[in-house]
Amino acid sequence: MRLFFFCMLSVFTTLVFSQENQQSSYLDVNYFKGNIALHNNDILHLIKGHPEGVILSYNKKTFGYNSWEQRFNYPEYGVSFIYQDFKNDVLGNNYSLYGHYNFYFLKRNIMFRIGQGLAFTTNPYDKESNYRNNAFGSKIMSSTYMMLNYKKEQLFDQFGLQAGFSFIHYSNANIKAPNTSINSITLNLGVTYNLEKVDPEFIIADSTQTNTKFTQPIKYNLVFRSGINESDIVGSGQFPFYIVSAYADKRFNQKSALQFGADVFFSNFLKEYIYYRSVSFPEEPTSGNEDYKRVGLVVGHELFVNNTSLVTQIGYYVYYPFDFEGRTYFRIGLKHYFGKKWFGALTLKTHAAKAEAVEFGIGVRL
């Protein structure tokens, strides 16, 4: 449950503690239908029929009362619910709840939405009753969805239309095996309903303020991350992991910062996996005495949106005593700042499309 509450923290706090200015909000209902993407041959037996479902959303508009709203072209934030029927008895149905942001382009005709939240599946893997479901190893999973729509509001009184594409991802990020995950690529058609008849005017930033160059000295970050995960061997057990990260960042404008630093990984699941390989595959060179620790160098980018930021990083193991999924790794996730220095972090670490762990972190930026 911590995953769900942290993913939605920034959206909920903004909804509850929004500034006392003129507000406007709307609802939208979208029907979608599409296909399961073949990202791994292990899920070939699960691709049957065309999954369909409904996306219900509540959205709150911004009008530039805060500077970050003006910088991002007056985005929206809200909560959304997805029901998805996979048209497959093995996969069952999924129910999901998200916090999301909407961003606008091309004179606000194109909307891009990204949402992060928690999903519940009705028919997860079971070694006796549902052994074919190698996609969902647990009932509770994390989920990400993206939507790209052409949108027109208030075409008929307070009703509008939108249509486009949606991408929906479900995974428990190897908290429990199996975890092949499912990605759905769909077409969607929806109706919007404005709860107010007239929206306030957008506040345009003062040109002198917009043209003022943003400067900030190099900042130094120290982060401790932890969680639990399991190798791909079903039944091998869940183990805690610990990561210590140190990196410097330099903001080059109001929105973005570049990062460079290092990670040290203490992954106990890997210790168990090394032992398993040494015992189960004696023909391999694995002795069982290999070090399970790893050290990586990372470069990254941080996108600042209000008191929340989006972090993307790419890393390369420079200390790599045991070969596991390759030397290159990726990290993507959210940071939420509590004041100017302290932050919480929720990130996903992967090797290409293969997730290794969901990382819960706390850190300081000095």
# chains A, B, ... in the order shown; residues from 1 in each chain; ligands from 1

$ residues_around --residues "range 43-58 of chain A" --least-positions-apart "2" --cutoff "7 Å" --atoms "only C-alpha atoms" --output "list of chain:residue names"
A:Tyr26, A:Leu27, A:Asp28, A:Val29, A:Asn30, A:Tyr31, A:Phe32, A:Lys33, A:Gly34, A:Asn35, A:Ile36, A:Asn40, A:Asn41, A:Lys60, A:Gly78, A:Val79, A:Ser80, A:Phe81, A:Ile82, A:Tyr83, A:Gln84, A:Asp85, A:Phe86, A:Lys87, A:Asn88

$ write_last_selection --atoms "C-alpha atoms" --output "JSON list (two decimals), in the first residue's frame"
[["chain", "number", "residue", "atom", "x", "y", "z"],
["A", 26, "TYR", "CA", -14.21, 18.51, -15.28],
["A", 27, "LEU", "CA", -14.97, 14.81, -15.58],
["A", 28, "ASP", "CA", -14.15, 12.53, -18.49],
["A", 29, "VAL", "CA", -15.23, 9.01, -19.41],
["A", 30, "ASN", "CA", -13.25, 7.03, -22.01],
["A", 31, "TYR", "CA", -13.92, 3.64, -23.59],
["A", 32, "PHE", "CA", -10.83, 1.84, -24.90],
["A", 33, "LYS", "CA", -10.07, -1.31, -26.87],
["A", 34, "GLY", "CA", -6.83, -2.65, -28.27],
["A", 35, "ASN", "CA", -4.13, -5.28, -28.09],
["A", 36, "ILE", "CA", -1.59, -6.72, -25.67],
["A", 40, "ASN", "CA", 8.37, -10.93, -24.29],
["A", 41, "ASN", "CA", 7.83, -14.29, -26.02],
["A", 60, "LYS", "CA", -8.66, 20.08, -11.94],
["A", 78, "GLY", "CA", -6.47, 14.69, -10.96],
["A", 79, "VAL", "CA", -7.36, 11.12, -10.13],
["A", 80, "SER", "CA", -8.46, 8.34, -12.47],
["A", 81, "PHE", "CA", -9.88, 4.84, -12.30],
["A", 82, "ILE", "CA", -9.42, 2.10, -14.92],
["A", 83, "TYR", "CA", -11.38, -1.11, -15.37],
["A", 84, "GLN", "CA", -9.79, -3.49, -17.89],
["A", 85, "ASP", "CA", -11.14, -6.79, -19.18],
["A", 86, "PHE", "CA", -8.32, -8.78, -20.83],
["A", 87, "LYS", "CA", -10.76, -11.12, -22.63],
["A", 88, "ASN", "CA", -8.68, -13.96, -21.21]]

$ select_by_dssp --residues "range 33-232 of chain A" --states "strand (DSSP E or B)" --output "NGL selection string"
:A and (33-36 or 52-61 or 76-85 or 93-105 or 110-121 or 126 or 130 or 140-156 or 159-171 or 182-194 or 219-229)

$ closest_residue --among "A:Phe167, A:Phe103, A:Phe241, A:Phe136" --to "Thr122 in chain A" --atoms "only C-alpha atoms"
A:Phe136

$ closest_residue --among "A:Asp89, A:Glu283, A:Asp291, A:Glu76" --to "Phe324 in chain A" --atoms "only C-alpha atoms"
A:Asp291

$ residues_around --residues "range 336-339 of chain A" --least-positions-apart "4" --cutoff "6 Å" --atoms "only C-alpha atoms" --output "list in words"
Asn307, Thr308, Phe343 and Gly344 of chain A

$ write_last_selection --atoms "N, CA, C and O atoms" --output "PDB file, in the first residue's frame"
ATOM      1  N   ASN A 307       6.344  20.889  -6.376  1.00  0.00           N
ATOM      2  CA  ASN A 307       7.215  20.286  -5.379  1.00  0.00           C
ATOM      3  C   ASN A 307       7.490  18.812  -5.666  1.00  0.00           C
ATOM      4  O   ASN A 307       8.005  18.094  -4.816  1.00  0.00           O
ATOM      5  N   THR A 308       7.156  18.379  -6.873  1.00  0.00           N
ATOM      6  CA  THR A 308       7.419  17.016  -7.318  1.00  0.00           C
ATOM      7  C   THR A 308       8.305  17.069  -8.554  1.00  0.00           C
ATOM      8  O   THR A 308       8.239  18.012  -9.335  1.00  0.00           O
ATOM      9  N   PHE A 343      13.690  15.065   0.697  1.00  0.00           N
ATOM     10  CA  PHE A 343      12.753  14.529  -0.286  1.00  0.00           C
ATOM     11  C   PHE A 343      12.562  13.027  -0.078  1.00  0.00           C
ATOM     12  O   PHE A 343      13.413  12.336   0.497  1.00  0.00           O
ATOM     13  N   GLY A 344      11.411  12.548  -0.513  1.00  0.00           N
ATOM     14  CA  GLY A 344      11.148  11.121  -0.631  1.00  0.00           C
ATOM     15  C   GLY A 344      11.208  10.746  -2.094  1.00  0.00           C
ATOM     16  O   GLY A 344      10.978  11.577  -2.976  1.00  0.00           O
TER      17      GLY A 344
END

$ closest_residue --among "A:Gln238, A:Ser25, A:Ser309, A:Asn194" --to "Lys255 in chain A" --atoms "only C-alpha atoms"
A:Ser309

$ closest_residue --among "A:Gln162, A:Gln216, A:Thr186, A:Ser226" --to "Phe266 in chain A" --atoms "only C-alpha atoms"
A:Ser226

$ closest_residue --among "A:Ile175, A:Ser96, A:Met146, A:Met141" --to "Arg113 in chain A" --atoms "only C-alpha atoms"
A:Met146

$ residues_around --residues "Asn149 in chain A" --least-positions-apart "2" --cutoff "12 Å" --atoms "only C-alpha atoms" --output "number ranges by chain"
A: 30, 102-106, 108-114, 146-147, 151-152, 161-167, 186-191

$ write_last_selection --atoms "N, CA and C atoms" --output "mmCIF file, in the first residue's frame"
data_model
loop_
_atom_site.group_PDB
_atom_site.id
_atom_site.type_symbol
_atom_site.label_atom_id
_atom_site.label_comp_id
_atom_site.auth_asym_id
_atom_site.auth_seq_id
_atom_site.Cartn_x
_atom_site.Cartn_y
_atom_site.Cartn_z
ATOM 1 N N ASN A 30 -13.846 7.512 -20.770
ATOM 2 C CA ASN A 30 -13.251 7.033 -22.011
ATOM 3 C C ASN A 30 -13.413 5.519 -22.125
ATOM 4 N N ASN A 102 -2.140 16.165 -16.709
ATOM 5 C CA ASN A 102 -2.414 16.387 -18.133
ATOM 6 C C ASN A 102 -1.572 17.568 -18.611
ATOM 7 N N PHE A 103 -0.858 17.388 -19.727
ATOM 8 C CA PHE A 103 -0.059 18.453 -20.320
ATOM 9 C C PHE A 103 -0.585 18.736 -21.733
ATOM 10 N N TYR A 104 -0.504 20.011 -22.150
ATOM 11 C CA TYR A 104 -1.152 20.437 -23.396
ATOM 12 C C TYR A 104 -0.150 20.996 -24.405
ATOM 13 N N PHE A 105 -0.469 20.759 -25.699
ATOM 14 C CA PHE A 105 0.373 21.194 -26.806
ATOM 15 C C PHE A 105 -0.531 21.654 -27.961
ATOM 16 N N LEU A 106 0.074 22.339 -28.936
ATOM 17 C CA LEU A 106 -0.610 22.760 -30.168
ATOM 18 C C LEU A 106 -1.917 23.478 -29.864
ATOM 19 N N ARG A 108 -3.462 23.841 -27.187
ATOM 20 C CA ARG A 108 -4.277 23.062 -26.244
ATOM 21 C C ARG A 108 -5.252 22.111 -26.942
ATOM 22 N N ASN A 109 -4.942 21.747 -28.180
ATOM 23 C CA ASN A 109 -5.747 20.746 -28.870
ATOM 24 C C ASN A 109 -5.267 19.321 -28.585
ATOM 25 N N ILE A 110 -3.981 19.181 -28.236
ATOM 26 C CA ILE A 110 -3.401 17.874 -27.959
ATOM 27 C C ILE A 110 -3.116 17.767 -26.462
ATOM 28 N N MET A 111 -3.631 16.720 -25.842
ATOM 29 C CA MET A 111 -3.425 16.481 -24.414
ATOM 30 C C MET A 111 -2.610 15.210 -24.224
ATOM 31 N N PHE A 112 -1.568 15.299 -23.419
ATOM 32 C CA PHE A 112 -0.792 14.124 -23.022
ATOM 33 C C PHE A 112 -0.977 13.913 -21.527
ATOM 34 N N ARG A 113 -1.432 12.730 -21.150
ATOM 35 C CA ARG A 113 -1.661 12.408 -19.739
ATOM 36 C C ARG A 113 -0.714 11.299 -19.310
ATOM 37 N N ILE A 114 -0.167 11.423 -18.105
ATOM 38 C CA ILE A 114 0.601 10.350 -17.507
ATOM 39 C C ILE A 114 0.093 10.120 -16.093
ATOM 40 N N MET A 146 -0.499 6.032 -19.962
ATOM 41 C CA MET A 146 -0.298 7.263 -20.720
ATOM 42 C C MET A 146 -1.402 7.380 -21.757
ATOM 43 N N MET A 147 -1.792 8.593 -22.018
ATOM 44 C CA MET A 147 -2.882 8.854 -22.965
ATOM 45 C C MET A 147 -2.502 10.055 -23.830
ATOM 46 N N LYS A 151 -8.436 16.779 -28.381
ATOM 47 C CA LYS A 151 -9.492 17.107 -27.421
ATOM 48 C C LYS A 151 -10.157 18.442 -27.751
ATOM 49 N N LYS A 152 -11.467 18.456 -27.638
ATOM 50 C CA LYS A 152 -12.249 19.682 -27.785
ATOM 51 C C LYS A 152 -13.265 19.735 -26.650
ATOM 52 N N LEU A 161 -15.557 16.333 -26.491
ATOM 53 C CA LEU A 161 -15.122 15.033 -26.992
ATOM 54 C C LEU A 161 -13.601 14.953 -27.003
ATOM 55 N N GLN A 162 -13.088 13.735 -26.870
ATOM 56 C CA GLN A 162 -11.665 13.506 -27.020
ATOM 57 C C GLN A 162 -11.461 12.095 -27.567
ATOM 58 N N ALA A 163 -10.364 11.904 -28.299
ATOM 59 C CA ALA A 163 -10.080 10.599 -28.882
ATOM 60 C C ALA A 163 -8.583 10.497 -29.114
ATOM 61 N N GLY A 164 -8.076 9.259 -29.026
ATOM 62 C CA GLY A 164 -6.653 9.074 -29.251
ATOM 63 C C GLY A 164 -6.194 7.685 -28.862
ATOM 64 N N PHE A 165 -4.998 7.636 -28.278
ATOM 65 C CA PHE A 165 -4.337 6.383 -27.943
ATOM 66 C C PHE A 165 -4.048 6.334 -26.439
ATOM 67 N N SER A 166 -4.085 5.126 -25.903
ATOM 68 C CA SER A 166 -3.711 4.917 -24.509
ATOM 69 C C SER A 166 -2.760 3.734 -24.408
ATOM 70 N N PHE A 167 -1.822 3.839 -23.490
ATOM 71 C CA PHE A 167 -0.871 2.766 -23.180
ATOM 72 C C PHE A 167 -0.992 2.468 -21.690
ATOM 73 N N THR A 186 -3.946 0.719 -26.916
ATOM 74 C CA THR A 186 -5.376 0.789 -27.221
ATOM 75 C C THR A 186 -5.750 2.098 -27.917
ATOM 76 N N LEU A 187 -6.901 2.075 -28.552
ATOM 77 C CA LEU A 187 -7.583 3.274 -29.030
ATOM 78 C C LEU A 187 -8.654 3.648 -28.021
ATOM 79 N N ASN A 188 -8.830 4.946 -27.794
ATOM 80 C CA ASN A 188 -9.858 5.362 -26.838
ATOM 81 C C ASN A 188 -10.716 6.498 -27.411
ATOM 82 N N LEU A 189 -11.961 6.520 -26.979
ATOM 83 C CA LEU A 189 -12.909 7.566 -27.350
ATOM 84 C C LEU A 189 -13.633 7.992 -26.086
ATOM 85 N N GLY A 190 -13.694 9.313 -25.836
ATOM 86 C CA GLY A 190 -14.250 9.757 -24.575
ATOM 87 C C GLY A 190 -15.091 11.014 -24.667
ATOM 88 N N VAL A 191 -15.824 11.237 -23.578
ATOM 89 C CA VAL A 191 -16.675 12.417 -23.420
ATOM 90 C C VAL A 191 -16.192 13.171 -22.193
#

$ closest_residue --among "A:Asn306, A:Ser287, A:Asn253, A:Asn94" --to "Phe322 in chain A" --atoms "only C-alpha atoms"
A:Ser287

$ residues_around --residues "Val295 in chain A" --least-positions-apart "5" --cutoff "12 Å" --atoms "only C-alpha atoms" --output "list of chain:residue names"
A:Ile243, A:Val244, A:Ser245, A:Ala246, A:Gly261, A:Ala262, A:Asp263, A:Val264, A:Phe265, A:Phe266, A:Ser267, A:Gly315, A:Tyr316, A:Tyr317, A:Val318, A:Tyr319, A:Tyr320, A:Pro321, A:Phe322, A:Arg327, A:Thr328, A:Tyr329

$ write_last_selection --atoms "C-alpha atoms" --output "PDB file, in the first residue's frame"
ATOM      1  CA  ILE A 243      21.067   1.064  -2.077  1.00  0.00           C
ATOM      2  CA  VAL A 244      23.215   4.067  -1.196  1.00  0.00           C
ATOM      3  CA  SER A 245      23.378   6.764  -3.870  1.00  0.00           C
ATOM      4  CA  ALA A 246      25.413   9.955  -4.023  1.00  0.00           C
ATOM      5  CA  GLY A 261      27.005  10.229  -9.384  1.00  0.00           C
ATOM      6  CA  ALA A 262      27.261   6.636  -8.143  1.00  0.00           C
ATOM      7  CA  ASP A 263      25.144   3.826  -6.649  1.00  0.00           C
ATOM      8  CA  VAL A 264      26.201   1.012  -4.325  1.00  0.00           C
ATOM      9  CA  PHE A 265      23.838  -2.003  -4.381  1.00  0.00           C
ATOM     10  CA  PHE A 266      23.384  -4.604  -1.653  1.00  0.00           C
ATOM     11  CA  SER A 267      20.879  -7.010  -3.274  1.00  0.00           C
ATOM     12  CA  GLY A 315      23.761   3.647 -15.068  1.00  0.00           C
ATOM     13  CA  TYR A 316      26.702   1.374 -15.801  1.00  0.00           C
ATOM     14  CA  TYR A 317      28.153  -1.127 -13.327  1.00  0.00           C
ATOM     15  CA  VAL A 318      31.861  -0.526 -12.805  1.00  0.00           C
ATOM     16  CA  TYR A 319      32.041  -3.229 -10.108  1.00  0.00           C
ATOM     17  CA  TYR A 320      30.208  -6.266 -11.491  1.00  0.00           C
ATOM     18  CA  PRO A 321      31.504  -9.588 -10.093  1.00  0.00           C
ATOM     19  CA  PHE A 322      28.476 -11.639 -11.181  1.00  0.00           C
ATOM     20  CA  ARG A 327      25.976  -3.998 -17.027  1.00  0.00           C
ATOM     21  CA  THR A 328      23.582  -1.218 -18.078  1.00  0.00           C
ATOM     22  CA  TYR A 329      20.603  -0.278 -15.919  1.00  0.00           C
TER      23      TYR A 329
END

$ residues_around --residues "Phe304 in chain A" --least-positions-apart "5" --cutoff "9 Å" --atoms "only C-alpha atoms" --output "list in words"
Trp68, Gln254, Lys255, Ser256, Ala257, Ser309, Leu310 and Val311 of chain A

$ write_last_selection --atoms "all heavy atoms" --output "JSON list (two decimals), in the first residue's frame"
[["chain", "number", "residue", "atom", "x", "y", "z"],
["A", 68, "TRP", "N", 4.91, 27.68, -11.59],
["A", 68, "TRP", "CA", 5.13, 26.41, -12.27],
["A", 68, "TRP", "C", 3.99, 26.09, -13.24],
["A", 68, "TRP", "O", 4.22, 25.43, -14.26],
["A", 68, "TRP", "CB", 5.29, 25.27, -11.25],
["A", 68, "TRP", "CG", 4.03, 24.90, -10.50],
["A", 68, "TRP", "CD1", 3.58, 25.41, -9.33],
["A", 68, "TRP", "CD2", 3.07, 23.90, -10.91],
["A", 68, "TRP", "NE1", 2.39, 24.81, -8.96],
["A", 68, "TRP", "CE2", 2.07, 23.88, -9.90],
["A", 68, "TRP", "CE3", 2.96, 23.04, -11.99],
["A", 68, "TRP", "CZ2", 0.96, 23.02, -9.99],
["A", 68, "TRP", "CZ3", 1.87, 22.19, -12.06],
["A", 68, "TRP", "CH2", 0.89, 22.18, -11.07],
["A", 254, "GLN", "N", 14.65, 26.68, -14.92],
["A", 254, "GLN", "CA", 13.62, 26.45, -13.90],
["A", 254, "GLN", "C", 13.11, 25.02, -13.91],
["A", 254, "GLN", "O", 12.68, 24.50, -12.88],
["A", 254, "GLN", "CB", 12.45, 27.42, -14.12],
["A", 254, "GLN", "CG", 12.76, 28.88, -13.82],
["A", 254, "GLN", "CD", 12.57, 29.21, -12.35],
["A", 254, "GLN", "OE1", 12.46, 28.32, -11.52],
["A", 254, "GLN", "NE2", 12.52, 30.49, -12.03],
["A", 255, "LYS", "N", 13.17, 24.37, -15.07],
["A", 255, "LYS", "CA", 12.55, 23.06, -15.20],
["A", 255, "LYS", "C", 13.50, 21.89, -14.96],
["A", 255, "LYS", "O", 13.08, 20.85, -14.46],
["A", 255, "LYS", "CB", 11.93, 22.90, -16.60],
["A", 255, "LYS", "CG", 10.81, 23.87, -16.93],
["A", 255, "LYS", "CD", 10.30, 23.60, -18.34],
["A", 255, "LYS", "CE", 9.17, 24.54, -18.73],
["A", 255, "LYS", "NZ", 8.68, 24.28, -20.11],
["A", 256, "SER", "N", 14.76, 22.03, -15.34],
["A", 256, "SER", "CA", 15.60, 20.84, -15.50],
["A", 256, "SER", "C", 16.93, 20.94, -14.77],
["A", 256, "SER", "O", 17.49, 22.03, -14.60],
["A", 256, "SER", "CB", 15.87, 20.60, -16.99],
["A", 256, "SER", "OG", 14.66, 20.37, -17.68],
["A", 257, "ALA", "N", 17.44, 19.76, -14.39],
["A", 257, "ALA", "CA", 18.77, 19.62, -13.82],
["A", 257, "ALA", "C", 19.42, 18.37, -14.39],
["A", 257, "ALA", "O", 18.74, 17.36, -14.65],
["A", 257, "ALA", "CB", 18.72, 19.55, -12.30],
["A", 309, "SER", "N", 9.16, 16.08, -8.72],
["A", 309, "SER", "CA", 9.99, 16.04, -9.92],
["A", 309, "SER", "C", 10.04, 14.62, -10.47],
["A", 309, "SER", "O", 9.84, 13.64, -9.76],
["A", 309, "SER", "CB", 11.41, 16.53, -9.61],
["A", 309, "SER", "OG", 12.04, 15.70, -8.65],
["A", 310, "LEU", "N", 10.30, 14.54, -11.77],
["A", 310, "LEU", "CA", 10.45, 13.27, -12.47],
["A", 310, "LEU", "C", 11.94, 13.03, -12.71],
["A", 310, "LEU", "O", 12.63, 13.87, -13.30],
["A", 310, "LEU", "CB", 9.71, 13.30, -13.81],
["A", 310, "LEU", "CG", 9.89, 12.10, -14.72],
["A", 310, "LEU", "CD1", 9.26, 10.85, -14.11],
["A", 310, "LEU", "CD2", 9.31, 12.37, -16.11],
["A", 311, "VAL", "N", 12.42, 11.87, -12.26],
["A", 311, "VAL", "CA", 13.84, 11.52, -12.36],
["A", 311, "VAL", "C", 14.02, 10.41, -13.37],
["A", 311, "VAL", "O", 13.30, 9.39, -13.33],
["A", 311, "VAL", "CB", 14.39, 11.08, -11.00],
["A", 311, "VAL", "CG1", 15.85, 10.65, -11.12],
["A", 311, "VAL", "CG2", 14.27, 12.21, -9.98]]

$ select_by_dssp --residues "range 24-233 of chain A" --states "helix (DSSP H, G or I)" --output "ChimeraX atom specification"
/A:41-46,67-71,207-210

$ write_last_selection --atoms "all heavy atoms" --output "CSV table (one decimal), in the first residue's frame"
chain,number,residue,atom,x,y,z
A,41,ASN,N,8.4,-13.1,-25.4
A,41,ASN,CA,7.8,-14.3,-26.0
A,41,ASN,C,7.2,-15.2,-25.0
A,41,ASN,O,6.4,-16.1,-25.3
A,41,ASN,CB,8.9,-15.1,-26.8
A,41,ASN,CG,9.3,-14.4,-28.1
A,41,ASN,OD1,8.5,-13.7,-28.7
A,41,ASN,ND2,10.5,-14.7,-28.6
A,42,ASP,N,7.5,-15.0,-23.7
A,42,ASP,CA,6.9,-15.8,-22.6
A,42,ASP,C,5.5,-15.6,-22.4
A,42,ASP,O,4.8,-16.3,-21.8
A,42,ASP,CB,7.7,-15.6,-21.3
A,42,ASP,CG,9.1,-16.1,-21.3
A,42,ASP,OD1,9.4,-17.0,-22.2
A,42,ASP,OD2,9.9,-15.7,-20.5
A,43,ILE,N,4.9,-14.5,-23.0
A,43,ILE,CA,3.5,-14.2,-22.8
A,43,ILE,C,2.7,-14.5,-24.1
A,43,ILE,O,1.5,-14.1,-24.2
A,43,ILE,CB,3.3,-12.7,-22.4
A,43,ILE,CG1,3.7,-11.7,-23.5
A,43,ILE,CG2,4.0,-12.4,-21.1
A,43,ILE,CD1,3.2,-10.3,-23.2
A,44,LEU,N,3.3,-15.2,-25.0
A,44,LEU,CA,2.6,-15.5,-26.3
A,44,LEU,C,1.2,-16.2,-26.0
A,44,LEU,O,0.2,-15.9,-26.7
A,44,LEU,CB,3.4,-16.4,-27.2
A,44,LEU,CG,4.3,-15.6,-28.2
A,44,LEU,CD1,5.3,-16.6,-28.8
A,44,LEU,CD2,3.5,-14.9,-29.2
A,45,HIS,N,1.2,-17.1,-25.0
A,45,HIS,CA,0.0,-17.8,-24.7
A,45,HIS,C,-1.1,-17.0,-24.1
A,45,HIS,O,-2.2,-17.4,-24.0
A,45,HIS,CB,0.3,-19.0,-23.8
A,45,HIS,CG,0.8,-18.6,-22.5
A,45,HIS,ND1,2.1,-18.1,-22.3
A,45,HIS,CD2,0.3,-18.7,-21.3
A,45,HIS,CE1,2.3,-17.8,-21.0
A,45,HIS,NE2,1.2,-18.2,-20.3
A,46,LEU,N,-0.7,-15.7,-23.6
A,46,LEU,CA,-1.7,-14.9,-23.0
A,46,LEU,C,-2.3,-13.9,-23.9
A,46,LEU,O,-3.3,-13.1,-23.5
A,46,LEU,CB,-1.0,-14.1,-21.8
A,46,LEU,CG,-0.4,-15.0,-20.7
A,46,LEU,CD1,0.3,-14.1,-19.7
A,46,LEU,CD2,-1.5,-15.8,-20.0
A,67,SER,N,3.8,30.0,-10.5
A,67,SER,CA,4.7,30.1,-11.6
A,67,SER,C,4.9,28.8,-12.3
A,67,SER,O,5.1,28.8,-13.5
A,67,SER,CB,6.1,30.7,-11.1
A,67,SER,OG,6.6,29.9,-10.1
A,68,TRP,N,4.9,27.7,-11.6
A,68,TRP,CA,5.1,26.4,-12.3
A,68,TRP,C,4.0,26.1,-13.2
A,68,TRP,O,4.2,25.4,-14.3
A,68,TRP,CB,5.3,25.3,-11.2
A,68,TRP,CG,4.0,24.9,-10.5
A,68,TRP,CD1,3.6,25.4,-9.3
A,68,TRP,CD2,3.1,23.9,-10.9
A,68,TRP,NE1,2.4,24.8,-9.0
A,68,TRP,CE2,2.1,23.9,-9.9
A,68,TRP,CE3,3.0,23.0,-12.0
A,68,TRP,CZ2,1.0,23.0,-10.0
A,68,TRP,CZ3,1.9,22.2,-12.1
A,68,TRP,CH2,0.9,22.2,-11.1
A,69,GLU,N,2.8,26.6,-13.0
A,69,GLU,CA,1.7,26.3,-13.9
A,69,GLU,C,1.9,27.1,-15.2
A,69,GLU,O,1.6,26.5,-16.3
A,69,GLU,CB,0.4,26.8,-13.2
A,69,GLU,CG,0.0,26.1,-11.9
A,69,GLU,CD,-1.1,26.8,-11.2
A,69,GLU,OE1,-1.6,27.8,-11.6
A,69,GLU,OE2,-1.5,26.3,-10.1
A,70,GLN,N,2.5,28.3,-15.1
A,70,GLN,CA,2.8,29.0,-16.4
A,70,GLN,C,3.9,28.4,-17.1
A,70,GLN,O,3.8,28.3,-18.4
A,70,GLN,CB,3.1,30.5,-16.0
A,70,GLN,CG,2.0,31.2,-15.2
A,70,GLN,CD,2.4,32.5,-14.7
A,70,GLN,OE1,3.5,33.1,-15.1
A,70,GLN,NE2,1.7,33.0,-13.7
A,71,ARG,N,4.9,27.9,-16.4
A,71,ARG,CA,6.0,27.2,-17.1
A,71,ARG,C,5.6,26.0,-17.9
A,71,ARG,O,6.2,25.7,-18.9
A,71,ARG,CB,7.1,26.9,-16.1
A,71,ARG,CG,7.9,28.0,-15.5
A,71,ARG,CD,9.2,27.6,-14.9
A,71,ARG,NE,9.0,26.7,-13.7
A,71,ARG,CZ,8.8,27.1,-12.5
A,71,ARG,NH1,8.8,28.4,-12.2
A,71,ARG,NH2,8.6,26.2,-11.5
A,207,SER,N,6.8,39.4,-18.8
A,207,SER,CA,7.9,39.1,-19.7
A,207,SER,C,9.3,39.3,-19.0
A,207,SER,O,10.2,38.6,-19.3
A,207,SER,CB,7.8,39.9,-21.0
A,207,SER,OG,7.9,41.3,-20.6
A,208,THR,N,9.4,40.3,-18.1
A,208,THR,CA,10.6,40.5,-17.4
A,208,THR,C,11.0,39.3,-16.5
A,208,THR,O,12.1,38.9,-16.4
A,208,THR,CB,10.5,41.8,-16.6
A,208,THR,OG1,9.4,41.7,-15.6
A,208,THR,CG2,10.3,43.0,-17.5
A,209,GLN,N,9.9,38.7,-15.9
A,209,GLN,CA,10.1,37.6,-15.0
A,209,GLN,C,10.5,36.3,-15.9
A,209,GLN,O,11.4,35.5,-15.5
A,209,GLN,CB,8.9,37.3,-14.2
A,209,GLN,CG,9.0,36.0,-13.3
A,209,GLN,CD,7.7,35.8,-12.6
A,209,GLN,OE1,6.8,36.6,-12.6
A,209,GLN,NE2,7.6,34.6,-11.9
A,210,THR,N,9.8,36.2,-17.0
A,210,THR,CA,10.1,35.0,-17.9
A,210,THR,C,11.5,35.1,-18.4
A,210,THR,O,12.2,34.0,-18.6
A,210,THR,CB,9.1,35.0,-19.1
A,210,THR,OG1,7.8,35.0,-18.5
A,210,THR,CG2,9.3,33.8,-19.9

$ atom_distance --atom1 "CA of Val234 in chain A" --atom2 "CA of Thr180 in chain A"
11.8 Å
